[in-house]
Amino acid sequence: MPQIPAIRLATQTDAAAIRDIYAPIVQNTHISFEQVVPTADEIAARVQNTLAQYPWLVCELDARLAGYAYASAFRSRPAYQWTIETTVYVHGDFQRRGIARALYTSLLALLRAQGFVTAVGVIALPNPASIRAHEAVGFYKIGVFRNVGHKAGEWRDTGWWQLDMRPAPAAPEPPLPLSALAQEARFSSLLAAGLPHIRR
């Protein structure tokens, strides 16, 4: 019997399933600029490090991990702290079921609540599916960097997309750590924000 979909925070025990989604992207496409598939242990460490400040979400559907999305620092210098980079990947078996939009909707709801202002998506071109996923939640194209990566035997361009998540305050407070937001009563509803987009 099909199970009710869920969007939740990733844990280190999800690392192997996350790797199963990510490995063919690294090995068979130009979409990720990584050259070597990270181990499950490396992914577990990435999840742990990310969750210290930013959301890393997974979508469970029919007792499987259907996709994941996370945020990361855009740049390390303090003036950039209100801007984040976002990433989403969906398992090949779950394409065109609204998973990317669902994950991004929940991810962005959490990031807004934390106090981030701008989200950036960097897309290795061509990638029409990723462009659709970003633009479906409000990202707009900023520009293209030409020949900035060499993957799968060719030089690759990256397209840059931006989302203005909320009006830029004149005197912004530092963004909330994810752990602080997780203590608030609204946290579960923010996590679930994307669920209506999933097509069963």
# chains A, B, ... in the order shown; residues from 1 in each chain; ligands from 1

$ residues_around --residues "Arg8 (chain A)" --least-positions-apart "3" --cutoff "9 Å" --atoms "only C-alpha atoms" --output "JSON, numbers by chain"
{"A": [56, 57, 58, 59, 60, 188, 191, 192]}

$ residues_around --residues "region 126-137 of chain A" --least-positions-apart "2" --cutoff "12 Å" --atoms "only C-alpha atoms" --output "number ranges by chain"
A: 29-32, 69, 85-90, 95-109, 119-124, 139-142, 144, 146, 155-165, 194, 197

$ select_by_dssp --residues "chain A" --states "strand (DSSP E)" --output "ChimeraX atom specification"
/A:6-9,56-61,64-73,83-90,118-124,140-151,154-164

$ write_last_selection --atoms "C-alpha atoms" --output "PDB file, in the first residue's frame"
ATOM      1  CA  ALA A   6       6.922  12.948   3.981  1.00  0.00           C
ATOM      2  CA  ILE A   7       9.437  15.786   3.875  1.00  0.00           C
ATOM      3  CA  ARG A   8      11.793  15.795   6.834  1.00  0.00           C
ATOM      4  CA  LEU A   9      15.290  16.762   7.892  1.00  0.00           C
ATOM      5  CA  TRP A  56      19.029  19.497   4.388  1.00  0.00           C
ATOM      6  CA  LEU A  57      15.708  17.900   3.499  1.00  0.00           C
ATOM      7  CA  VAL A  58      14.719  14.518   2.118  1.00  0.00           C
ATOM      8  CA  CYS A  59      11.438  13.416   0.583  1.00  0.00           C
ATOM      9  CA  GLU A  60      10.180   9.932   1.360  1.00  0.00           C
ATOM     10  CA  LEU A  61       7.649   8.407  -1.001  1.00  0.00           C
ATOM     11  CA  ARG A  64      11.942   5.149  -0.578  1.00  0.00           C
ATOM     12  CA  LEU A  65      14.043   8.281  -0.612  1.00  0.00           C
ATOM     13  CA  ALA A  66      12.700  10.106  -3.671  1.00  0.00           C
ATOM     14  CA  GLY A  67      14.908  13.193  -3.542  1.00  0.00           C
ATOM     15  CA  TYR A  68      16.752  15.690  -1.404  1.00  0.00           C
ATOM     16  CA  ALA A  69      17.462  19.411  -1.229  1.00  0.00           C
ATOM     17  CA  TYR A  70      19.761  21.523   0.872  1.00  0.00           C
ATOM     18  CA  ALA A  71      21.157  25.000   1.355  1.00  0.00           C
ATOM     19  CA  SER A  72      24.781  25.994   1.744  1.00  0.00           C
ATOM     20  CA  ALA A  73      26.778  29.162   2.266  1.00  0.00           C
ATOM     21  CA  THR A  83      22.502  34.798   0.885  1.00  0.00           C
ATOM     22  CA  ILE A  84      22.498  31.038   0.411  1.00  0.00           C
ATOM     23  CA  GLU A  85      22.965  28.602  -2.459  1.00  0.00           C
ATOM     24  CA  THR A  86      20.343  25.908  -2.946  1.00  0.00           C
ATOM     25  CA  THR A  87      20.533  22.449  -4.508  1.00  0.00           C
ATOM     26  CA  VAL A  88      17.939  19.799  -5.311  1.00  0.00           C
ATOM     27  CA  TYR A  89      18.209  16.278  -6.773  1.00  0.00           C
ATOM     28  CA  VAL A  90      15.473  13.746  -7.510  1.00  0.00           C
ATOM     29  CA  THR A 118      18.453  35.845  -1.245  1.00  0.00           C
ATOM     30  CA  ALA A 119      18.802  32.359  -2.691  1.00  0.00           C
ATOM     31  CA  VAL A 120      21.092  31.501  -5.593  1.00  0.00           C
ATOM     32  CA  GLY A 121      20.899  28.457  -7.850  1.00  0.00           C
ATOM     33  CA  VAL A 122      23.884  27.532 -10.037  1.00  0.00           C
ATOM     34  CA  ILE A 123      22.954  25.270 -12.953  1.00  0.00           C
ATOM     35  CA  ALA A 124      25.433  23.482 -15.207  1.00  0.00           C
ATOM     36  CA  TYR A 140      14.909  34.227 -12.300  1.00  0.00           C
ATOM     37  CA  LYS A 141      17.985  34.125 -14.513  1.00  0.00           C
ATOM     38  CA  ILE A 142      20.844  36.485 -13.719  1.00  0.00           C
ATOM     39  CA  GLY A 143      23.438  35.431 -16.290  1.00  0.00           C
ATOM     40  CA  VAL A 144      25.832  32.797 -17.577  1.00  0.00           C
ATOM     41  CA  PHE A 145      29.487  32.117 -16.809  1.00  0.00           C
ATOM     42  CA  ARG A 146      31.113  30.640 -19.917  1.00  0.00           C
ATOM     43  CA  ASN A 147      33.504  27.682 -19.927  1.00  0.00           C
ATOM     44  CA  VAL A 148      33.979  27.623 -16.140  1.00  0.00           C
ATOM     45  CA  GLY A 149      34.066  23.834 -15.733  1.00  0.00           C
ATOM     46  CA  HIS A 150      35.368  20.851 -17.697  1.00  0.00           C
ATOM     47  CA  LYS A 151      33.226  17.745 -17.263  1.00  0.00           C
ATOM     48  CA  GLU A 154      33.652  19.256 -22.663  1.00  0.00           C
ATOM     49  CA  TRP A 155      33.887  22.768 -21.330  1.00  0.00           C
ATOM     50  CA  ARG A 156      30.700  23.708 -19.500  1.00  0.00           C
ATOM     51  CA  ASP A 157      28.825  26.924 -18.837  1.00  0.00           C
ATOM     52  CA  THR A 158      26.948  27.600 -15.627  1.00  0.00           C
ATOM     53  CA  GLY A 159      23.749  29.605 -15.457  1.00  0.00           C
ATOM     54  CA  TRP A 160      23.002  31.664 -12.362  1.00  0.00           C
ATOM     55  CA  TRP A 161      19.465  32.014 -11.049  1.00  0.00           C
ATOM     56  CA  GLN A 162      18.342  34.185  -8.109  1.00  0.00           C
ATOM     57  CA  LEU A 163      15.320  34.275  -5.817  1.00  0.00           C
ATOM     58  CA  ASP A 164      14.455  37.294  -3.679  1.00  0.00           C
TER      59      ASP A 164
END

$ atom_distance --atom1 "CA of Gly153 (chain A)" --atom2 "CA of Arg46 (chain A)"
27.6 Å

$ atom_distance --atom1 "CA of Glu184 (chain A)" --atom2 "CA of Arg75 (chain A)"
27.6 Å
